[in-house]
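Source file: input05.cif (mmCIF, C-alpha atoms)
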```cif
data_entry
loop_
_atom_site.label_atom_id
_atom_site.label_comp_id
_atom_site.auth_asym_id
_atom_site.auth_seq_id
_atom_site.Cartn_x
_atom_site.Cartn_y
_atom_site.Cartn_z
CA MET V 2 0.00 0.00 0.00
CA ASP V 3 1.22 3.50 -0.82
CA GLY V 4 1.56 5.78 2.19
CA PRO V 5 -0.44 9.01 2.47
CA LEU V 6 0.85 12.14 0.77
CA PHE V 7 -0.86 15.43 1.54
CA VAL V 8 -1.45 18.40 -0.71
CA ASP V 9 1.30 20.47 0.97
CA GLY V 10 3.92 17.78 0.36
CA THR V 11 3.96 16.41 3.91
CA PHE V 12 3.41 12.69 4.43
CA GLU V 13 3.11 9.88 6.94
CA PHE V 14 5.59 7.00 6.98
CA VAL V 15 3.55 3.78 7.22
CA PRO V 16 5.71 0.70 7.93
CA ILE V 17 4.98 -2.68 6.35
CA PRO V 18 3.01 -5.24 8.43
CA ASP V 19 4.79 -7.55 10.86
CA SER V 20 4.04 -11.03 9.53
CA THR V 21 5.23 -12.66 12.78
CA GLY V 22 2.74 -10.85 15.02
CA LEU V 23 5.50 -10.37 17.61
CA ASP V 24 5.62 -6.60 17.77
CA ASP V 25 3.32 -4.70 20.13
CA ARG V 26 3.45 -1.57 17.94
CA THR V 27 0.25 -1.63 15.89
CA TYR V 28 -1.25 0.62 13.23
CA GLY V 29 -4.02 1.53 15.64
CA SER V 30 -1.78 2.35 18.59
CA HIS V 31 0.89 4.25 16.66
CA MET V 32 0.11 7.90 15.99
CA GLY V 33 1.38 9.60 12.88
CA ARG V 34 2.95 13.04 12.90
CA GLY V 35 -0.45 14.60 12.25
CA GLY V 36 -1.94 13.00 15.36
CA ARG V 37 -3.98 10.29 13.64
CA PRO V 38 -3.46 6.53 14.11
CA LEU V 39 -1.81 4.99 11.07
CA SER V 40 -4.76 2.63 10.66
CA ASP V 41 -6.77 5.64 9.45
CA PHE V 42 -4.78 5.71 6.24
CA PHE V 43 -5.86 2.28 5.04
CA PRO V 44 -8.97 1.84 2.86
CA ALA V 45 -12.12 2.03 5.01
CA PRO V 46 -12.98 -1.70 4.73
CA ARG V 47 -9.53 -2.64 6.11
CA GLN V 48 -9.20 -0.13 8.93
CA SER V 49 -10.74 -2.25 11.68
CA VAL V 50 -8.50 -5.21 10.80
CA MET V 51 -5.36 -3.09 10.50
CA HIS V 52 -6.04 -1.36 13.82
CA SER V 53 -4.67 -4.38 15.70
CA GLN V 54 -2.12 -5.46 13.08
CA SER V 55 1.45 -5.23 14.37
CA MET V 56 4.02 -3.29 12.34
CA HIS V 57 7.49 -4.13 11.07
CA MET V 58 9.03 -0.84 12.16
CA ASP V 59 12.12 -0.83 9.97
CA PRO V 60 13.68 1.55 9.15
CA GLU V 61 12.76 3.38 12.30
CA PHE V 62 13.33 7.10 12.60
CA VAL V 63 13.38 7.47 16.40
CA SER V 64 16.85 6.08 17.12
CA PHE V 65 17.59 5.75 13.38
CA THR V 66 18.24 2.08 12.72
CA TYR V 67 17.78 -0.23 9.77
CA GLY V 68 18.15 -4.00 9.65
CA ASP V 69 17.85 -6.56 6.87
CA PRO V 70 18.84 -10.24 6.72
CA THR V 71 18.30 -10.70 2.97
CA SER V 72 20.98 -11.08 0.33
CA PRO V 73 19.94 -8.06 -1.80
CA LYS V 74 20.78 -5.76 1.13
CA ALA V 75 23.97 -7.56 2.22
CA GLY V 76 26.12 -4.90 0.57
CA LEU V 77 24.95 -2.30 3.10
CA ARG V 78 27.43 -3.79 5.55
CA ARG V 79 30.10 -1.88 3.58
CA LEU V 80 28.71 1.50 4.66
CA VAL V 81 31.10 3.46 6.85
CA GLU V 82 30.80 6.40 9.20
CA GLY V 83 29.85 9.53 7.31
CA ASP V 84 28.13 7.77 4.42
CA LEU V 85 24.49 8.52 3.65
CA LEU V 86 21.78 5.85 3.52
CA VAL V 87 18.75 7.37 1.81
CA PHE V 88 15.24 5.90 2.02
CA TYR V 89 12.32 6.18 -0.35
CA ALA V 90 8.71 4.96 -0.25
CA GLY V 91 5.64 4.69 -2.41
CA LEU V 92 3.21 7.51 -1.65
CA ARG V 93 -0.04 8.76 -3.18
CA GLY V 94 -2.41 11.62 -2.48
CA PHE V 95 -4.61 11.31 0.60
CA GLY V 96 -7.56 13.68 0.44
CA CYS V 97 -6.14 15.08 -2.80
CA ASP V 98 -5.49 13.79 -6.31
CA LEU V 99 -1.68 13.53 -6.23
CA PRO V 100 -0.78 10.37 -8.21
CA SER V 101 1.16 7.40 -6.90
CA GLY V 102 4.93 7.79 -7.06
CA LEU V 103 8.21 7.01 -5.34
CA TYR V 104 9.48 9.68 -2.95
CA LEU V 105 12.53 10.33 -0.80
CA ILE V 106 11.35 10.25 2.81
CA GLY V 107 14.46 10.36 4.99
CA TYR V 108 18.12 9.51 5.42
CA PHE V 109 20.74 8.33 7.88
CA GLU V 110 24.10 9.93 8.44
CA VAL V 111 25.74 6.57 9.04
CA ALA V 112 27.42 6.04 12.40
CA PHE V 113 28.27 2.38 11.80
CA ALA V 114 27.12 -0.63 9.80
CA GLY V 115 27.94 -4.31 9.62
CA LEU V 116 26.75 -7.84 10.11
CA ALA V 117 25.25 -8.26 13.58
CA ARG V 118 27.65 -11.11 14.32
CA ASP V 119 30.61 -8.76 13.75
CA LEU V 120 29.33 -5.79 15.75
CA THR V 121 30.15 -5.20 19.40
CA GLU V 122 27.58 -5.90 22.08
CA GLU V 123 27.31 -2.14 22.65
CA GLN V 124 26.63 -1.49 18.95
CA VAL V 125 23.91 -4.14 18.83
CA HIS V 126 22.37 -2.63 21.96
CA MET V 127 22.31 0.77 20.23
CA CYS V 128 20.09 -0.85 17.58
CA GLY V 129 17.67 -2.15 20.19
CA HIS V 130 14.63 -0.32 18.79
CA ASN V 131 15.02 -2.07 15.45
CA PHE V 132 12.55 -4.89 14.78
CA HIS V 133 15.29 -7.45 14.11
CA VAL V 134 17.04 -6.74 17.41
CA ARG V 135 13.98 -5.93 19.53
CA HIS V 136 12.74 -9.54 19.29
CA GLN V 137 15.29 -11.99 20.65
CA SER V 138 13.94 -14.98 18.75
CA VAL V 139 14.23 -13.08 15.47
CA PHE V 140 17.69 -11.76 16.28
CA LEU V 141 19.13 -15.15 17.22
CA ARG V 142 17.73 -16.74 14.07
CA GLN V 143 19.05 -14.00 11.77
CA ARG V 144 22.21 -12.87 13.54
CA ASP V 145 24.76 -14.37 11.14
CA ARG V 146 23.21 -12.75 8.06
CA LEU V 147 21.58 -9.65 9.58
CA VAL V 148 22.97 -6.32 8.39
CA LEU V 149 22.44 -3.46 10.85
CA VAL V 150 22.89 0.21 10.06
CA LYS V 151 22.85 2.89 12.76
CA GLY V 152 22.23 6.50 11.87
CA GLY V 153 23.98 9.18 13.85
CA SER V 154 23.63 12.92 14.36
CA GLY V 155 21.97 14.61 11.40
CA SER V 156 19.80 11.62 10.47
CA ARG V 157 16.19 12.56 9.88
CA LEU V 158 12.76 11.75 8.57
CA LEU V 159 11.95 14.48 6.05
CA THR V 160 9.11 16.91 6.64
CA LYS V 161 8.18 16.93 2.96
CA ALA V 162 8.53 14.07 0.50
CA VAL V 163 10.55 14.59 -2.68
CA LYS V 164 9.43 12.74 -5.80
CA ILE V 165 12.13 10.75 -7.59
CA SER V 166 10.09 8.64 -10.01
CA ALA V 167 8.64 8.97 -13.46
CA LEU V 168 6.46 6.50 -15.32
CA GLY V 169 8.34 4.19 -17.67
CA GLN V 170 7.77 0.73 -19.11
CA ASP V 171 9.20 -2.73 -18.56
CA ARG V 172 10.28 -4.99 -21.43
CA ALA V 173 6.71 -6.15 -21.90
CA GLY V 174 5.45 -2.58 -22.18
CA LYS V 175 3.79 -2.57 -18.77
CA PRO V 176 3.95 0.62 -16.63
CA LEU V 177 7.00 0.82 -14.39
CA LYS V 178 8.24 3.48 -11.98
CA VAL V 179 11.78 4.57 -12.86
CA LEU V 180 14.18 7.25 -11.68
CA SER V 181 13.13 10.52 -13.29
CA ALA V 182 15.40 12.41 -15.67
CA GLU V 183 15.62 15.24 -13.13
CA MET V 184 16.80 12.89 -10.38
CA GLN V 185 19.28 11.22 -12.74
CA GLN V 186 21.01 14.59 -12.88
CA VAL V 187 21.41 14.40 -9.09
CA PHE V 188 22.11 10.73 -8.45
CA GLY V 189 23.41 9.49 -11.79
CA GLY V 190 22.04 6.72 -13.98
CA PHE V 191 22.91 3.71 -11.79
CA ASP V 192 24.38 1.96 -14.86
CA GLY V 193 20.97 1.90 -16.48
CA LYS V 194 19.24 0.25 -13.51
CA LEU V 195 16.54 2.89 -13.22
CA SER V 196 13.66 0.76 -11.91
CA PHE V 197 12.93 1.34 -8.21
CA GLN V 198 9.71 -0.59 -7.64
CA ARG V 199 11.12 -3.52 -5.66
CA SER V 200 13.24 -1.74 -3.05
CA PRO V 201 16.66 -2.44 -4.61
CA THR V 202 19.88 -1.05 -3.19
CA ARG V 203 21.47 1.52 -5.48
CA TRP V 204 24.95 3.00 -5.02
CA VAL V 205 25.70 6.51 -6.23
CA ALA V 206 28.75 6.60 -8.49
CA LYS V 207 31.77 8.62 -7.36
CA GLY V 208 31.15 11.38 -9.87
CA HIS V 209 27.80 12.16 -8.26
CA THR V 210 28.35 11.46 -4.55
CA SER V 211 29.24 15.00 -3.46
CA GLY V 212 26.38 16.66 -5.33
CA ALA V 213 23.90 13.98 -4.29
CA ALA V 214 24.91 14.33 -0.62
CA ASP V 215 24.50 18.11 -0.77
CA PHE V 216 21.10 17.70 -2.40
CA VAL V 217 19.84 15.24 0.23
CA ARG V 218 21.17 17.21 3.18
CA GLY V 219 19.47 20.31 1.83
CA LEU V 220 15.98 18.79 1.79
CA ALA V 221 13.28 20.09 4.15
#
```

In structure tokens, write the structure found in this file.
Amino acid sequence: MDGPLFVDGTFEFVPIPDSTGLDDRTYGSHMGRGGRPLSDFFPAPRQSVMHSQSMHMDPEFVSFTYGDPTSPKAGLRRLVEGDLLVFYAGLRGFGCDLPSGLYLIGYFEVAFAGLARDLTEEQVHMCGHNFHVRHQSVFLRQRDRLVLVKGGSGSRLLTKAVKISALGQDRAGKPLKVLSAEMQQVFGGFDGKLSFQRSPTRWVAKGHTSGAADFVRGLA
């Protein structure tokens, strides 16, 4: 589901559901920045069900942590202090007719990153609000392949979302969200890998890193 985007460019970050049911943070109990429970932003027929649905709060923008045990994100363990990890999400107009798109929503000024098994006990403890660390059974099962990233000072959830997508086509001619020409000027072309619909990791090439970092840090 796309998260809610408001006419003034502000938004609510709505995490994906927790399929394990372990987390006590639910869409009904968690208030968005506008003071409404996140369950309010689901279609009306689903709101009562989603009210008690637990959330997979990751990334989380309170203590700024991100965790992922899957192979597509394994490369994030190479992030070092001072790097930027930038997050985007699918958003669409809520109470307005803004179309669905992919938007920058926040970033971490990386403090440290690595496989959980290689981090110190103190570093893992600093990631304690992250879903993958918060639940001991999950952490023990995933520890050897779990990448953790901790954001430091300067990390933030943006106030206003910044659109990065345009509508393209896949090889079969079906609609596909791709990095817009405007954002390619900022972040580069990612060696032609412009599709962003399935949460891939993309690395900004050296020729664009300084300008891209300035752009991200200058967002509202």

Open item on the list: Please expand the PyMOL selection byres ((chain V and resi 56-64) around 8) into the concrete residues it hits in this file, giving the result as a PyMOL selection string.
Closed with: chain V and resi 16-20+24-28+54-55+65-68+128+130-132+152+157-158

Determine, using all atoms listed in the file, which residues of stretch 46-145 of chain V have any atom at most 12 Å from an atom of stretch 172-185 of chain V, and tabulate each with its shortest atom pair and distance in Å to one decimal place, rows ordered by chain and then rising number, as JSON lines.
```
{"residue": "V:Tyr89", "atom": "CA", "partner": "V:Leu180", "partner_atom": "CA", "distance": 11.5}
{"residue": "V:Ala90", "atom": "CA", "partner": "V:Lys178", "partner_atom": "CA", "distance": 11.8}
{"residue": "V:Gly91", "atom": "CA", "partner": "V:Lys178", "partner_atom": "CA", "distance": 10.0}
{"residue": "V:Pro100", "atom": "CA", "partner": "V:Lys178", "partner_atom": "CA", "distance": 12.0}
{"residue": "V:Ser101", "atom": "CA", "partner": "V:Lys178", "partner_atom": "CA", "distance": 9.6}
{"residue": "V:Gly102", "atom": "CA", "partner": "V:Lys178", "partner_atom": "CA", "distance": 7.3}
{"residue": "V:Leu103", "atom": "CA", "partner": "V:Lys178", "partner_atom": "CA", "distance": 7.5}
{"residue": "V:Tyr104", "atom": "CA", "partner": "V:Leu180", "partner_atom": "CA", "distance": 10.2}
{"residue": "V:Leu105", "atom": "CA", "partner": "V:Met184", "partner_atom": "CA", "distance": 10.8}
```

If you keep C-alpha atoms, can you produce a file of those selected residues as a PDB file, keeping the file's coordinate frame?
```
ATOM      1  CA  TYR V  89      12.320   6.180  -0.350  1.00  0.00           C
ATOM      2  CA  ALA V  90       8.710   4.960  -0.250  1.00  0.00           C
ATOM      3  CA  GLY V  91       5.640   4.690  -2.410  1.00  0.00           C
ATOM      4  CA  PRO V 100      -0.780  10.370  -8.210  1.00  0.00           C
ATOM      5  CA  SER V 101       1.160   7.400  -6.900  1.00  0.00           C
ATOM      6  CA  GLY V 102       4.930   7.790  -7.060  1.00  0.00           C
ATOM      7  CA  LEU V 103       8.210   7.010  -5.340  1.00  0.00           C
ATOM      8  CA  TYR V 104       9.480   9.680  -2.950  1.00  0.00           C
ATOM      9  CA  LEU V 105      12.530  10.330  -0.800  1.00  0.00           C
TER      10      LEU V 105
END
```

TODO: Go through V:Val205, V:Val87, V:Val150, V:Met32 and flag the residue nearest V:Phe191, using all atoms listed in the file for the distances.
DONE: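 Answer, going by the shortest atom-to-atom distance: V:Val205.
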
TODO: Would you translate the PyMOL selection byres ((chain V and resi 80) around 8) into the concrete set of residues it matches in this file, as a list in words?
DONE: Leu77, Arg78, Arg79, Val81, Glu82, Asp84, Val111, Phe113, Ala114 and Gly115 of chain V

Open item on the list: Ranking V:Phe188, V:Phe140, V:Tyr108, V:Phe12 by minimum distance to V:Ser156 and counting only C-alpha atoms, which one comes first?
Closed with: V:Tyr108

Task: Residue among V:Gly208, V:Pro44, V:Pro5, V:Gly76 lying closest to V:Lys161, counting all atoms listed in the file - done: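 Residue with the minimum atom-to-atom distance to V:Lys161: V:Pro5.
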
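Taking atom CA of V:Ser49 and atom CA of V:Gly107 as the two end points, the separation is 29.0 Å.
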
Task: Point-to-point distance from atom CA of V:Gly10 to atom CA of V:Ser166, Å rounded to tenths - done: 15.1 Å

TODO: Name the residues in contact with V:Gly212 at a cut-off of 8 Å, using all atoms listed in the file, excluding same-chain residues fewer than 3 positions from it; report them as a ChimeraX atom specification.
DONE: /V:187-188,209,215-216

Residue subset to file, keeping C-alpha atoms, as a PDB file, in the coordinates of the input:
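The result, written out as result_39.pdb:
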```
ATOM      1  CA  VAL V 187      21.410  14.400  -9.090  1.00  0.00           C
ATOM      2  CA  PHE V 188      22.110  10.730  -8.450  1.00  0.00           C
ATOM      3  CA  HIS V 209      27.800  12.160  -8.260  1.00  0.00           C
ATOM      4  CA  ASP V 215      24.500  18.110  -0.770  1.00  0.00           C
ATOM      5  CA  PHE V 216      21.100  17.700  -2.400  1.00  0.00           C
TER       6      PHE V 216
END
```

Task: Counting only C-alpha atoms, the residue of V:His52, V:Lys151, V:Arg47, V:Lys164 that sits nearest V:Gly29 - done: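 Ranked by minimum distance to V:Gly29, first place goes to V:His52.
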
Open item on the list: Could you list, as a ChimeraX atom specification, every residue within 9 Å of V:Pro201, counting all atoms listed in the file and ignoring same-chain residues fewer than 4 positions away?
Closed with: /V:73-74,196-197

Write out the residues from the selection above, keeping C-alpha atoms, as a tab-separated table (two decimals), in the frame of the given file.
```tsv
chain	number	residue	atom	x	y	z
V	73	PRO	CA	19.94	-8.06	-1.80
V	74	LYS	CA	20.78	-5.76	1.13
V	196	SER	CA	13.66	0.76	-11.91
V	197	PHE	CA	12.93	1.34	-8.21
```

Open item on the list: Using Å and a single decimal, report how far atom CA of V:Asp192 sits from atom CA of V:Trp204.
Closed with: 9.9 Å

- [ ] Please write as a list in words the full residue list that the PyMOL selection byres ((chain V and resi 6) around 8) yields on this file.
- [x] Gly4, Pro5, Phe7, Val8, Gly10, Thr11, Phe12, Glu13, Leu92, Arg93, Gly94, Phe95, Leu99 and Ala162 of chain V

Can I get the selected residues back with C-alpha atoms, as a PDB file, in the frame of the given file?
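Output (part_18.pdb):
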```
ATOM      1  CA  GLY V   4       1.560   5.780   2.190  1.00  0.00           C
ATOM      2  CA  PRO V   5      -0.440   9.010   2.470  1.00  0.00           C
ATOM      3  CA  PHE V   7      -0.860  15.430   1.540  1.00  0.00           C
ATOM      4  CA  VAL V   8      -1.450  18.400  -0.710  1.00  0.00           C
ATOM      5  CA  GLY V  10       3.920  17.780   0.360  1.00  0.00           C
ATOM      6  CA  THR V  11       3.960  16.410   3.910  1.00  0.00           C
ATOM      7  CA  PHE V  12       3.410  12.690   4.430  1.00  0.00           C
ATOM      8  CA  GLU V  13       3.110   9.880   6.940  1.00  0.00           C
ATOM      9  CA  LEU V  92       3.210   7.510  -1.650  1.00  0.00           C
ATOM     10  CA  ARG V  93      -0.040   8.760  -3.180  1.00  0.00           C
ATOM     11  CA  GLY V  94      -2.410  11.620  -2.480  1.00  0.00           C
ATOM     12  CA  PHE V  95      -4.610  11.310   0.600  1.00  0.00           C
ATOM     13  CA  LEU V  99      -1.680  13.530  -6.230  1.00  0.00           C
ATOM     14  CA  ALA V 162       8.530  14.070   0.500  1.00  0.00           C
TER      15      ALA V 162
END
```
